[in-house]
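Peer 1: Can you keep this structure in mind? I'll have questions shortly.
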Amino acid sequence: MRQLRIASLVLSFIIVAISIHQYFLCPRYDFMEPVPFSGLRITNPYDSTSVGNWVKCNFHAHANCWGGITNGHGNAEDVHRAYEKLNYGIHCVSNYHNIDTTRSRKVGYIAAYEHGYNIQKTHQLVLGSKKVVWTDYIFPQTKHNKQYILNQLRDQNGLIILNHPALRKGYTKDDLGQIVGYDCMEVLNPSVTSLTEWDAALSAGRRAFIVGDDDIHNVFSEPRLGTRCTFVNVKANSAKEVLTALKNGKSYGVIIGSNQHHDSIPYLKSVQVVRDSIYIQMSEEAETATLAGQGGKTLLEKKSTAKIRYRLLPQDHYARASFEFKNGTVIFLNPIFFSSGKNNLAPVEEDEIGTILYRAIGACIMLLWIMFAKWFTKRKPPKPGGLIAHRRPIPVQQD
(Lines give C-alpha, C1' and ligand atoms only; values in the text may rest on other atoms or scores of the structure.)
Protein backbone atom coordinates (compact mmCIF):
# COMPACT_ATOMS: atom_id res chain seq x y z
CA MET A 1 0.00 0.00 0.00
CA ARG A 2 2.78 2.42 0.92
CA GLN A 3 4.64 1.71 -2.33
CA LEU A 4 1.47 2.41 -4.31
CA ARG A 5 0.98 5.74 -2.55
CA ILE A 6 4.57 6.77 -3.27
CA ALA A 7 4.31 5.72 -6.92
CA SER A 8 1.07 7.65 -7.43
CA LEU A 9 2.62 10.71 -5.79
CA VAL A 10 5.70 10.56 -8.02
CA LEU A 11 3.56 10.13 -11.14
CA SER A 12 1.33 13.06 -10.22
CA PHE A 13 4.40 15.21 -9.56
CA ILE A 14 5.82 14.44 -13.00
CA ILE A 15 2.54 15.28 -14.74
CA VAL A 16 1.99 18.47 -12.73
CA ALA A 17 5.60 19.63 -13.18
CA ILE A 18 5.58 19.04 -16.94
CA SER A 19 2.19 20.74 -17.31
CA ILE A 20 3.25 23.79 -15.30
CA HIS A 21 6.49 24.07 -17.26
CA GLN A 22 4.65 23.89 -20.58
CA TYR A 23 1.50 25.89 -19.96
CA PHE A 24 2.56 28.41 -17.30
CA LEU A 25 6.34 28.95 -17.50
CA CYS A 26 6.51 29.25 -21.29
CA PRO A 27 6.78 32.89 -22.45
CA ARG A 28 3.54 34.50 -23.58
CA TYR A 29 3.44 36.42 -26.84
CA ASP A 30 1.50 39.41 -28.09
CA PHE A 31 0.25 38.01 -31.39
CA MET A 32 -0.91 40.40 -34.08
CA GLU A 33 -4.21 39.98 -35.86
CA PRO A 34 -3.78 38.30 -39.28
CA VAL A 35 -3.23 40.79 -42.11
CA PRO A 36 -3.50 39.55 -45.72
CA PHE A 37 -1.01 40.36 -48.45
CA SER A 38 -1.38 43.92 -49.68
CA GLY A 39 0.61 46.72 -51.25
CA LEU A 40 1.36 48.37 -54.56
CA ARG A 41 3.81 45.74 -55.77
CA ILE A 42 3.19 42.21 -57.01
CA THR A 43 5.91 39.83 -55.87
CA ASN A 44 6.82 36.99 -58.22
CA PRO A 45 9.25 34.51 -56.59
CA TYR A 46 9.99 33.03 -60.03
CA ASP A 47 11.09 36.29 -61.67
CA SER A 48 14.75 35.29 -62.06
CA THR A 49 14.54 31.53 -62.55
CA SER A 50 16.02 29.62 -65.46
CA VAL A 51 14.18 26.71 -67.04
CA GLY A 52 17.35 24.59 -67.12
CA ASN A 53 18.14 24.96 -63.42
CA TRP A 54 15.38 22.90 -61.81
CA VAL A 55 16.74 20.28 -59.38
CA LYS A 56 14.63 17.53 -57.78
CA CYS A 57 14.97 17.28 -53.99
CA ASN A 58 13.80 15.34 -50.95
CA PHE A 59 14.60 16.87 -47.58
CA HIS A 60 12.70 14.55 -45.20
CA ALA A 61 13.87 10.94 -44.83
CA HIS A 62 14.76 8.71 -41.88
CA ALA A 63 17.41 6.02 -41.43
CA ASN A 64 18.18 3.79 -38.46
CA CYS A 65 19.19 5.99 -35.54
CA TRP A 66 19.39 6.04 -31.75
CA GLY A 67 19.84 2.28 -31.59
CA GLY A 68 16.55 1.65 -33.37
CA ILE A 69 14.40 3.50 -30.83
CA THR A 70 13.08 5.84 -33.53
CA ASN A 71 11.30 4.66 -36.66
CA GLY A 72 13.95 4.20 -39.34
CA HIS A 73 15.35 1.31 -41.40
CA GLY A 74 18.62 1.05 -43.26
CA ASN A 75 21.55 3.42 -42.91
CA ALA A 76 22.12 6.85 -44.41
CA GLU A 77 23.95 5.42 -47.43
CA ASP A 78 20.91 3.28 -48.22
CA VAL A 79 18.76 6.42 -48.26
CA HIS A 80 21.16 8.33 -50.49
CA ARG A 81 21.52 5.46 -52.97
CA ALA A 82 17.74 5.01 -53.18
CA TYR A 83 17.26 8.64 -54.19
CA GLU A 84 20.21 8.64 -56.57
CA LYS A 85 18.52 5.83 -58.49
CA LEU A 86 15.51 8.12 -58.92
CA ASN A 87 17.77 10.97 -60.12
CA TYR A 88 17.24 13.29 -57.18
CA GLY A 89 19.86 16.03 -57.11
CA ILE A 90 19.47 16.75 -53.38
CA HIS A 91 18.56 14.11 -50.79
CA CYS A 92 18.79 14.67 -47.05
CA VAL A 93 18.74 12.29 -44.10
CA SER A 94 16.69 13.99 -41.39
CA ASN A 95 16.66 11.75 -38.33
CA TYR A 96 14.96 12.82 -35.12
CA HIS A 97 17.26 15.18 -33.20
CA ASN A 98 20.34 13.90 -34.98
CA ILE A 99 22.35 15.55 -37.77
CA ASP A 100 23.69 12.79 -39.99
CA THR A 101 27.14 13.62 -41.41
CA THR A 102 27.31 10.85 -44.00
CA ARG A 103 28.49 12.44 -47.26
CA SER A 104 29.10 15.72 -45.46
CA ARG A 105 32.12 16.38 -47.68
CA LYS A 106 30.22 15.84 -50.90
CA VAL A 107 28.59 18.49 -53.05
CA GLY A 108 24.90 18.76 -52.28
CA TYR A 109 25.13 17.78 -48.62
CA ILE A 110 22.70 19.70 -46.40
CA ALA A 111 22.72 19.22 -42.63
CA ALA A 112 19.21 18.23 -41.57
CA TYR A 113 17.23 16.89 -38.64
CA GLU A 114 13.61 16.59 -37.59
CA HIS A 115 12.76 18.37 -34.36
CA GLY A 116 9.92 17.31 -32.07
CA TYR A 117 9.06 14.49 -29.68
CA ASN A 118 5.58 15.60 -28.62
CA ILE A 119 2.42 13.49 -28.75
CA GLN A 120 0.66 15.68 -31.34
CA LYS A 121 3.48 15.51 -33.92
CA THR A 122 4.09 19.25 -34.01
CA HIS A 123 7.36 18.71 -35.85
CA GLN A 124 9.80 20.94 -37.69
CA LEU A 125 12.45 20.15 -40.29
CA VAL A 126 15.63 22.13 -39.65
CA LEU A 127 18.03 22.51 -42.58
CA GLY A 128 21.52 23.99 -42.55
CA SER A 129 21.97 24.17 -38.78
CA LYS A 130 25.09 22.88 -37.06
CA LYS A 131 23.48 22.13 -33.72
CA VAL A 132 20.43 20.23 -32.48
CA VAL A 133 17.88 21.99 -30.29
CA TRP A 134 16.41 19.59 -27.73
CA THR A 135 13.78 21.87 -26.18
CA ASP A 136 10.21 20.72 -26.83
CA TYR A 137 6.83 20.47 -25.12
CA ILE A 138 5.37 16.97 -24.83
CA PHE A 139 1.65 17.66 -24.40
CA PRO A 140 -0.59 19.32 -27.06
CA GLN A 141 0.99 22.70 -27.67
CA THR A 142 -0.49 26.17 -27.48
CA LYS A 143 0.44 28.80 -30.04
CA HIS A 144 2.73 30.30 -27.38
CA ASN A 145 4.56 26.96 -27.07
CA LYS A 146 4.89 26.73 -30.84
CA GLN A 147 6.20 30.28 -31.18
CA TYR A 148 8.77 29.72 -28.43
CA ILE A 149 10.03 26.56 -30.12
CA LEU A 150 10.36 28.35 -33.47
CA ASN A 151 12.33 31.11 -31.76
CA GLN A 152 14.68 28.50 -30.28
CA LEU A 153 15.18 26.83 -33.66
CA ARG A 154 15.99 30.05 -35.49
CA ASP A 155 19.49 29.96 -36.96
CA GLN A 156 20.87 32.73 -39.14
CA ASN A 157 22.27 30.24 -41.65
CA GLY A 158 19.47 27.69 -41.39
CA LEU A 159 15.94 27.18 -42.61
CA ILE A 160 12.82 26.00 -40.77
CA ILE A 161 10.06 23.94 -42.39
CA LEU A 162 6.80 23.15 -40.60
CA ASN A 163 6.32 19.42 -41.13
CA HIS A 164 2.94 17.89 -42.06
CA PRO A 165 0.80 20.58 -40.30
CA ALA A 166 -2.50 18.75 -40.82
CA LEU A 167 -1.22 15.53 -39.21
CA ARG A 168 -2.90 15.23 -35.77
CA LYS A 169 -3.57 18.98 -36.06
CA GLY A 170 0.08 19.67 -35.31
CA TYR A 171 -0.50 23.21 -36.56
CA THR A 172 -4.05 24.53 -36.73
CA LYS A 173 -5.38 27.24 -39.03
CA ASP A 174 -5.53 29.59 -36.04
CA ASP A 175 -1.88 28.87 -35.22
CA LEU A 176 -0.79 29.54 -38.77
CA GLY A 177 -2.63 32.84 -38.84
CA GLN A 178 -0.52 34.13 -35.95
CA ILE A 179 2.84 32.41 -35.49
CA VAL A 180 5.91 33.64 -37.38
CA GLY A 181 9.55 32.66 -37.68
CA TYR A 182 9.47 29.80 -40.19
CA ASP A 183 10.36 29.74 -43.88
CA CYS A 184 8.50 26.90 -45.56
CA MET A 185 5.69 24.45 -45.03
CA GLU A 186 5.71 20.75 -45.88
CA VAL A 187 2.37 20.90 -47.65
CA LEU A 188 2.90 17.62 -49.52
CA ASN A 189 3.54 14.54 -47.39
CA PRO A 190 2.34 10.97 -48.11
CA SER A 191 0.57 10.91 -44.73
CA VAL A 192 -1.38 14.11 -45.31
CA THR A 193 -1.74 17.03 -47.73
CA SER A 194 -1.99 20.35 -45.89
CA LEU A 195 -3.48 22.71 -48.47
CA THR A 196 -6.04 24.18 -46.06
CA GLU A 197 -3.30 24.96 -43.55
CA TRP A 198 -1.11 26.46 -46.28
CA ASP A 199 -3.91 28.76 -47.40
CA ALA A 200 -4.48 29.78 -43.77
CA ALA A 201 -0.87 30.94 -43.51
CA LEU A 202 -0.91 32.66 -46.91
CA SER A 203 -4.22 34.37 -46.13
CA ALA A 204 -2.59 35.82 -43.01
CA GLY A 205 0.21 37.33 -45.09
CA ARG A 206 2.82 34.69 -44.24
CA ARG A 207 5.43 34.03 -46.92
CA ALA A 208 5.27 30.29 -46.37
CA PHE A 209 6.73 28.53 -49.40
CA ILE A 210 5.83 24.98 -50.35
CA VAL A 211 7.86 21.83 -49.79
CA GLY A 212 7.02 18.28 -50.80
CA ASP A 213 8.76 15.32 -49.12
CA ASP A 214 8.47 11.54 -48.91
CA ASP A 215 9.01 11.48 -45.12
CA ILE A 216 10.24 7.95 -45.70
CA HIS A 217 11.12 5.61 -42.84
CA ASN A 218 12.04 2.47 -44.79
CA VAL A 219 13.82 2.82 -48.14
CA PHE A 220 13.73 -0.94 -48.72
CA SER A 221 10.00 -1.63 -48.77
CA GLU A 222 8.04 1.56 -48.20
CA PRO A 223 5.74 2.44 -51.13
CA ARG A 224 6.02 6.18 -50.42
CA LEU A 225 9.56 6.32 -51.86
CA GLY A 226 9.63 8.82 -54.71
CA THR A 227 6.00 9.94 -54.36
CA ARG A 228 6.61 13.56 -53.27
CA CYS A 229 9.37 15.99 -54.13
CA THR A 230 10.43 19.62 -54.27
CA PHE A 231 12.03 21.27 -57.29
CA VAL A 232 14.39 24.17 -56.58
CA ASN A 233 15.90 26.54 -59.12
CA VAL A 234 19.65 26.72 -58.52
CA LYS A 235 22.80 27.16 -60.58
CA ALA A 236 24.71 24.67 -58.41
CA ASN A 237 23.73 21.91 -55.99
CA SER A 238 25.23 23.65 -52.97
CA ALA A 239 23.58 23.94 -49.58
CA LYS A 240 23.76 27.73 -49.70
CA GLU A 241 22.04 27.99 -53.08
CA VAL A 242 19.35 25.44 -52.24
CA LEU A 243 18.48 27.07 -48.92
CA THR A 244 18.42 30.51 -50.54
CA ALA A 245 16.08 29.25 -53.26
CA LEU A 246 13.74 27.73 -50.67
CA LYS A 247 13.70 30.92 -48.59
CA ASN A 248 12.87 33.02 -51.64
CA GLY A 249 10.21 30.70 -53.04
CA LYS A 250 12.13 29.68 -56.16
CA SER A 251 10.70 26.22 -55.83
CA TYR A 252 7.55 24.16 -56.26
CA GLY A 253 6.11 20.94 -54.85
CA VAL A 254 5.06 17.82 -56.71
CA ILE A 255 2.86 14.82 -56.01
CA ILE A 256 4.38 12.23 -58.35
CA GLY A 257 1.72 10.06 -59.98
CA SER A 258 2.00 6.28 -59.76
CA ASN A 259 2.38 6.06 -63.55
CA GLN A 260 4.81 8.97 -63.80
CA HIS A 261 8.35 8.22 -65.00
CA HIS A 262 10.84 10.01 -62.78
CA ASP A 263 12.86 11.33 -65.71
CA SER A 264 9.91 12.93 -67.49
CA ILE A 265 8.04 14.86 -64.79
CA PRO A 266 6.37 17.97 -66.27
CA TYR A 267 8.14 21.13 -65.21
CA LEU A 268 7.61 24.85 -64.88
CA LYS A 269 8.87 26.84 -67.86
CA SER A 270 8.05 30.37 -66.74
CA VAL A 271 6.01 32.64 -64.49
CA GLN A 272 5.81 36.26 -65.55
CA VAL A 273 4.01 39.25 -64.10
CA VAL A 274 3.23 42.09 -66.49
CA ARG A 275 1.67 45.02 -64.65
CA ASP A 276 -1.22 43.27 -62.84
CA SER A 277 -1.43 40.11 -64.98
CA ILE A 278 0.09 36.69 -64.30
CA TYR A 279 1.33 34.45 -67.13
CA ILE A 280 2.29 30.85 -66.30
CA GLN A 281 3.69 28.33 -68.79
CA MET A 282 4.19 24.61 -68.08
CA SER A 283 6.17 22.14 -70.18
CA GLU A 284 3.14 19.92 -70.87
CA GLU A 285 -0.60 20.20 -71.09
CA ALA A 286 -2.37 19.54 -67.79
CA GLU A 287 -5.78 17.96 -67.45
CA THR A 288 -6.79 20.72 -65.01
CA ALA A 289 -5.12 24.02 -64.13
CA THR A 290 -6.33 25.92 -61.07
CA LEU A 291 -5.62 29.25 -59.40
CA ALA A 292 -6.52 29.67 -55.72
CA GLY A 293 -6.51 32.90 -53.71
CA GLN A 294 -7.43 34.30 -50.30
CA GLY A 295 -8.90 31.62 -48.06
CA GLY A 296 -8.30 28.98 -50.74
CA LYS A 297 -11.00 30.47 -52.97
CA THR A 298 -10.85 29.23 -56.56
CA LEU A 299 -10.01 32.16 -58.83
CA LEU A 300 -9.66 30.29 -62.11
CA GLU A 301 -10.01 26.75 -63.45
CA LYS A 302 -9.11 25.61 -66.95
CA LYS A 303 -9.16 22.22 -68.64
CA SER A 304 -6.57 20.76 -71.04
CA THR A 305 -4.06 23.57 -70.93
CA ALA A 306 -0.38 24.24 -70.29
CA LYS A 307 -0.92 27.97 -69.76
CA ILE A 308 -2.62 30.26 -67.29
CA ARG A 309 -3.31 33.95 -67.68
CA TYR A 310 -4.98 35.89 -64.90
CA ARG A 311 -5.36 39.49 -63.78
CA LEU A 312 -4.57 39.63 -60.06
CA LEU A 313 -6.94 41.91 -58.16
CA PRO A 314 -6.18 43.56 -54.78
CA GLN A 315 -9.02 41.60 -53.15
CA ASP A 316 -7.39 38.33 -54.29
CA HIS A 317 -4.32 39.17 -52.14
CA TYR A 318 -2.43 36.21 -53.65
CA ALA A 319 -2.75 33.53 -56.30
CA ARG A 320 -1.19 30.07 -56.23
CA ALA A 321 -1.38 27.76 -59.22
CA SER A 322 -1.69 23.99 -59.40
CA PHE A 323 -1.59 21.69 -62.43
CA GLU A 324 -3.06 18.19 -62.35
CA PHE A 325 -2.04 15.73 -65.07
CA LYS A 326 -3.79 12.60 -66.33
CA ASN A 327 -1.26 10.21 -64.77
CA GLY A 328 -1.93 11.57 -61.27
CA THR A 329 1.01 13.96 -61.06
CA VAL A 330 0.10 17.31 -59.49
CA ILE A 331 2.36 20.37 -59.41
CA PHE A 332 1.82 23.15 -56.85
CA LEU A 333 3.48 26.52 -57.41
CA ASN A 334 4.31 29.11 -54.80
CA PRO A 335 2.03 32.15 -54.55
CA ILE A 336 2.23 35.39 -56.49
CA PHE A 337 1.20 38.07 -54.01
CA PHE A 338 0.80 41.76 -53.33
CA SER A 339 3.48 43.32 -51.13
CA SER A 340 4.87 46.61 -49.92
CA GLY A 341 8.44 45.55 -50.67
CA LYS A 342 9.34 44.36 -47.17
CA ASN A 343 10.64 40.80 -47.07
CA ASN A 344 9.52 39.53 -43.67
CA LEU A 345 6.99 40.03 -40.92
CA ALA A 346 8.25 41.61 -37.72
CA PRO A 347 9.02 39.13 -34.94
CA VAL A 348 6.25 38.54 -32.43
CA GLU A 349 7.00 40.44 -29.23
CA GLU A 350 6.83 38.78 -25.83
CA ASP A 351 3.93 39.80 -23.59
CA GLU A 352 6.01 40.41 -20.46
CA ILE A 353 3.07 41.11 -18.15
CA GLY A 354 1.25 38.01 -19.39
CA THR A 355 4.40 35.93 -18.92
CA ILE A 356 4.83 37.12 -15.31
CA LEU A 357 1.16 36.52 -14.53
CA TYR A 358 1.15 32.97 -15.91
CA ARG A 359 4.39 32.11 -14.13
CA ALA A 360 2.92 33.38 -10.85
CA ILE A 361 -0.14 31.19 -11.38
CA GLY A 362 2.14 28.25 -12.13
CA ALA A 363 4.07 28.85 -8.90
CA CYS A 364 0.80 28.91 -6.93
CA ILE A 365 -0.31 25.63 -8.49
CA MET A 366 3.00 24.02 -7.54
CA LEU A 367 2.67 25.27 -3.95
CA LEU A 368 -0.82 23.82 -3.74
CA TRP A 369 0.50 20.49 -5.01
CA ILE A 370 3.27 20.52 -2.38
CA MET A 371 0.69 21.16 0.35
CA PHE A 372 -1.41 18.30 -0.98
CA ALA A 373 1.64 16.02 -1.12
CA LYS A 374 2.48 16.73 2.53
CA TRP A 375 -1.08 15.99 3.60
CA PHE A 376 -1.17 12.87 1.44
CA THR A 377 2.04 11.44 2.91
CA LYS A 378 1.00 12.15 6.53
CA ARG A 379 -2.53 10.81 6.18
CA LYS A 380 -2.93 7.53 8.03
CA PRO A 381 -4.16 4.65 5.94
CA PRO A 382 -7.53 3.11 6.91
CA LYS A 383 -7.44 0.19 9.29
CA PRO A 384 -8.18 -3.26 7.93
CA GLY A 385 -11.87 -3.95 7.72
CA GLY A 386 -12.97 -0.36 7.17
CA LEU A 387 -12.67 3.09 8.65
CA ILE A 388 -14.55 2.14 11.91
CA ALA A 389 -12.75 -0.25 14.23
CA HIS A 390 -14.72 -3.27 15.44
CA ARG A 391 -15.66 -3.22 19.11
CA ARG A 392 -16.35 -6.10 21.41
CA PRO A 393 -20.06 -6.58 22.07
CA ILE A 394 -21.16 -5.40 25.53
CA PRO A 395 -22.82 -8.26 27.44
CA VAL A 396 -26.41 -7.62 28.47
CA GLN A 397 -27.38 -8.64 32.00
CA GLN A 398 -30.66 -10.45 32.29
CA ASP A 399 -32.95 -10.32 35.32
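In the C-alpha coordinates, chains take the letters A, B, ... in the order shown, each chain's residues start at 1, and ligands count up from 1 in the order shown.
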I'd like the neighbourhood of A:Leu9 as a ChimeraX atom specification, where a residue qualifies if any of its atoms comes within 10 Å (using only C-alpha atoms), though same-chain residues fewer than 4 positions away should be ignored.
Peer 2: /A:3-5,13-14,372-373,376-377
Peer 1: If you count only C-alpha atoms, which residues fall within 9 Å of A:Ala239, apart from same-chain ones fewer than 4 positions away, as a list of chain:residue names?
Peer 2: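 Counting only the stated atoms, we get A:Val107, A:Gly108, A:Tyr109, A:Ile110, A:Ala111, A:Gly128, A:Leu243, A:Thr244.
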Peer 1: Please provide as a ChimeraX atom specification all residues within 12 Å of stretch 225-229 of chain A, with the sequence filter that same-chain residues fewer than 6 positions apart are discarded (counting only C-alpha atoms).
Peer 2: /A:54-62,79-80,82-92,186-193,210-219,251-263,265,328-332
Peer 1: For A:Ala292, please output as a PDB file with N, CA and C atoms, in the first residue's frame all residues within 12 Å (counting only C-alpha atoms; exclusion window: fewer than 4 positions along the same chain).
Peer 2:
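Result file part34.pdb:
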ATOM      1  N   LEU A 195      -3.141  21.532 -47.679  1.00  0.00           N
ATOM      2  CA  LEU A 195      -3.480  22.714 -48.472  1.00  0.00           C
ATOM      3  C   LEU A 195      -4.282  23.734 -47.670  1.00  0.00           C
ATOM      4  N   THR A 196      -5.228  23.263 -46.867  1.00  0.00           N
ATOM      5  CA  THR A 196      -6.036  24.183 -46.060  1.00  0.00           C
ATOM      6  C   THR A 196      -5.156  24.966 -45.095  1.00  0.00           C
ATOM      7  N   TRP A 198      -1.954  25.562 -45.483  1.00  0.00           N
ATOM      8  CA  TRP A 198      -1.109  26.461 -46.280  1.00  0.00           C
ATOM      9  C   TRP A 198      -1.860  27.741 -46.624  1.00  0.00           C
ATOM     10  N   ASP A 199      -3.104  27.580 -47.067  1.00  0.00           N
ATOM     11  CA  ASP A 199      -3.908  28.758 -47.396  1.00  0.00           C
ATOM     12  C   ASP A 199      -4.175  29.624 -46.168  1.00  0.00           C
ATOM     13  N   LEU A 202      -0.995  31.673 -45.828  1.00  0.00           N
ATOM     14  CA  LEU A 202      -0.909  32.657 -46.909  1.00  0.00           C
ATOM     15  C   LEU A 202      -1.955  33.753 -46.736  1.00  0.00           C
ATOM     16  N   SER A 203      -3.143  33.385 -46.317  1.00  0.00           N
ATOM     17  CA  SER A 203      -4.221  34.366 -46.134  1.00  0.00           C
ATOM     18  C   SER A 203      -3.912  35.335 -45.001  1.00  0.00           C
ATOM     19  N   GLY A 296      -8.198  30.158 -49.880  1.00  0.00           N
ATOM     20  CA  GLY A 296      -8.298  28.977 -50.737  1.00  0.00           C
ATOM     21  C   GLY A 296      -9.361  29.083 -51.809  1.00  0.00           C
ATOM     22  N   LYS A 297      -9.942  30.265 -51.979  1.00  0.00           N
ATOM     23  CA  LYS A 297     -11.001  30.467 -52.968  1.00  0.00           C
ATOM     24  C   LYS A 297     -10.472  30.224 -54.379  1.00  0.00           C
ATOM     25  N   THR A 298     -11.234  29.492 -55.181  1.00  0.00           N
ATOM     26  CA  THR A 298     -10.849  29.234 -56.565  1.00  0.00           C
ATOM     27  C   THR A 298     -11.043  30.496 -57.398  1.00  0.00           C
ATOM     28  N   LEU A 299      -9.963  30.954 -58.003  1.00  0.00           N
ATOM     29  CA  LEU A 299     -10.007  32.157 -58.832  1.00  0.00           C
ATOM     30  C   LEU A 299     -10.177  31.824 -60.305  1.00  0.00           C
ATOM     31  N   LEU A 300      -9.637  30.671 -60.690  1.00  0.00           N
ATOM     32  CA  LEU A 300      -9.662  30.285 -62.108  1.00  0.00           C
ATOM     33  C   LEU A 300      -9.488  28.781 -62.213  1.00  0.00           C
ATOM     34  N   GLU A 301     -10.183  28.178 -63.153  1.00  0.00           N
ATOM     35  CA  GLU A 301     -10.008  26.750 -63.447  1.00  0.00           C
ATOM     36  C   GLU A 301     -10.126  26.540 -64.943  1.00  0.00           C
ATOM     37  N   TYR A 310      -4.001  35.381 -65.864  1.00  0.00           N
ATOM     38  CA  TYR A 310      -4.984  35.888 -64.898  1.00  0.00           C
ATOM     39  C   TYR A 310      -4.584  37.284 -64.436  1.00  0.00           C
ATOM     40  N   LEU A 312      -4.513  39.710 -61.521  1.00  0.00           N
ATOM     41  CA  LEU A 312      -4.569  39.634 -60.062  1.00  0.00           C
ATOM     42  C   LEU A 312      -5.157  40.922 -59.493  1.00  0.00           C
ATOM     43  N   ASP A 316      -7.874  39.719 -54.222  1.00  0.00           N
ATOM     44  CA  ASP A 316      -7.386  38.334 -54.291  1.00  0.00           C
ATOM     45  C   ASP A 316      -6.242  38.120 -53.296  1.00  0.00           C
ATOM     46  N   HIS A 317      -5.464  39.162 -53.057  1.00  0.00           N
ATOM     47  CA  HIS A 317      -4.321  39.169 -52.137  1.00  0.00           C
ATOM     48  C   HIS A 317      -3.173  38.290 -52.626  1.00  0.00           C
ATOM     49  N   TYR A 318      -3.463  37.083 -53.081  1.00  0.00           N
ATOM     50  CA  TYR A 318      -2.430  36.214 -53.651  1.00  0.00           C
ATOM     51  C   TYR A 318      -3.084  35.229 -54.603  1.00  0.00           C
ATOM     52  N   ALA A 319      -2.263  34.587 -55.407  1.00  0.00           N
ATOM     53  CA  ALA A 319      -2.754  33.532 -56.302  1.00  0.00           C
ATOM     54  C   ALA A 319      -1.693  32.445 -56.388  1.00  0.00           C
ATOM     55  N   ARG A 320      -2.101  31.219 -56.102  1.00  0.00           N
ATOM     56  CA  ARG A 320      -1.188  30.074 -56.233  1.00  0.00           C
ATOM     57  C   ARG A 320      -1.774  29.109 -57.250  1.00  0.00           C
ATOM     58  N   ALA A 321      -0.930  28.614 -58.118  1.00  0.00           N
ATOM     59  CA  ALA A 321      -1.382  27.764 -59.216  1.00  0.00           C
ATOM     60  C   ALA A 321      -1.076  26.299 -58.934  1.00  0.00           C
ATOM     61  N   SER A 322      -1.941  25.433 -59.440  1.00  0.00           N
ATOM     62  CA  SER A 322      -1.694  23.990 -59.400  1.00  0.00           C
ATOM     63  C   SER A 322      -2.091  23.387 -60.737  1.00  0.00           C
ATOM     64  N   PHE A 323      -1.354  22.353 -61.154  1.00  0.00           N
ATOM     65  CA  PHE A 323      -1.591  21.694 -62.432  1.00  0.00           C
ATOM     66  C   PHE A 323      -1.691  20.192 -62.195  1.00  0.00           C
ATOM     67  N   PHE A 332       2.311  21.995 -57.611  1.00  0.00           N
ATOM     68  CA  PHE A 332       1.817  23.147 -56.853  1.00  0.00           C
ATOM     69  C   PHE A 332       2.889  24.235 -56.849  1.00  0.00           C
ATOM     70  N   LEU A 333       2.548  25.398 -57.382  1.00  0.00           N
ATOM     71  CA  LEU A 333       3.485  26.516 -57.414  1.00  0.00           C
ATOM     72  C   LEU A 333       3.323  27.392 -56.176  1.00  0.00           C
ATOM     73  N   ASN A 334       4.366  28.140 -55.887  1.00  0.00           N
ATOM     74  CA  ASN A 334       4.306  29.112 -54.801  1.00  0.00           C
ATOM     75  C   ASN A 334       3.451  30.307 -55.206  1.00  0.00           C
ATOM     76  N   PRO A 335       2.961  31.065 -54.235  1.00  0.00           N
ATOM     77  CA  PRO A 335       2.032  32.153 -54.549  1.00  0.00           C
ATOM     78  C   PRO A 335       2.699  33.365 -55.190  1.00  0.00           C
ATOM     79  N   ILE A 336       1.932  34.040 -56.032  1.00  0.00           N
ATOM     80  CA  ILE A 336       2.234  35.387 -56.492  1.00  0.00           C
ATOM     81  C   ILE A 336       1.385  36.298 -55.608  1.00  0.00           C
ATOM     82  N   PHE A 337       1.963  37.333 -55.021  1.00  0.00           N
ATOM     83  CA  PHE A 337       1.199  38.071 -54.010  1.00  0.00           C
ATOM     84  C   PHE A 337       1.529  39.566 -54.020  1.00  0.00           C
TER      85      PHE A 337
END
Peer 1: Quick one: DSSP helix (DSSP H, G or I) residues in stretch 92-318 of chain A, as number ranges by chain?
Peer 2: A: 143-153, 167-169, 173-176, 195-203, 239-248, 294-296, 314-316
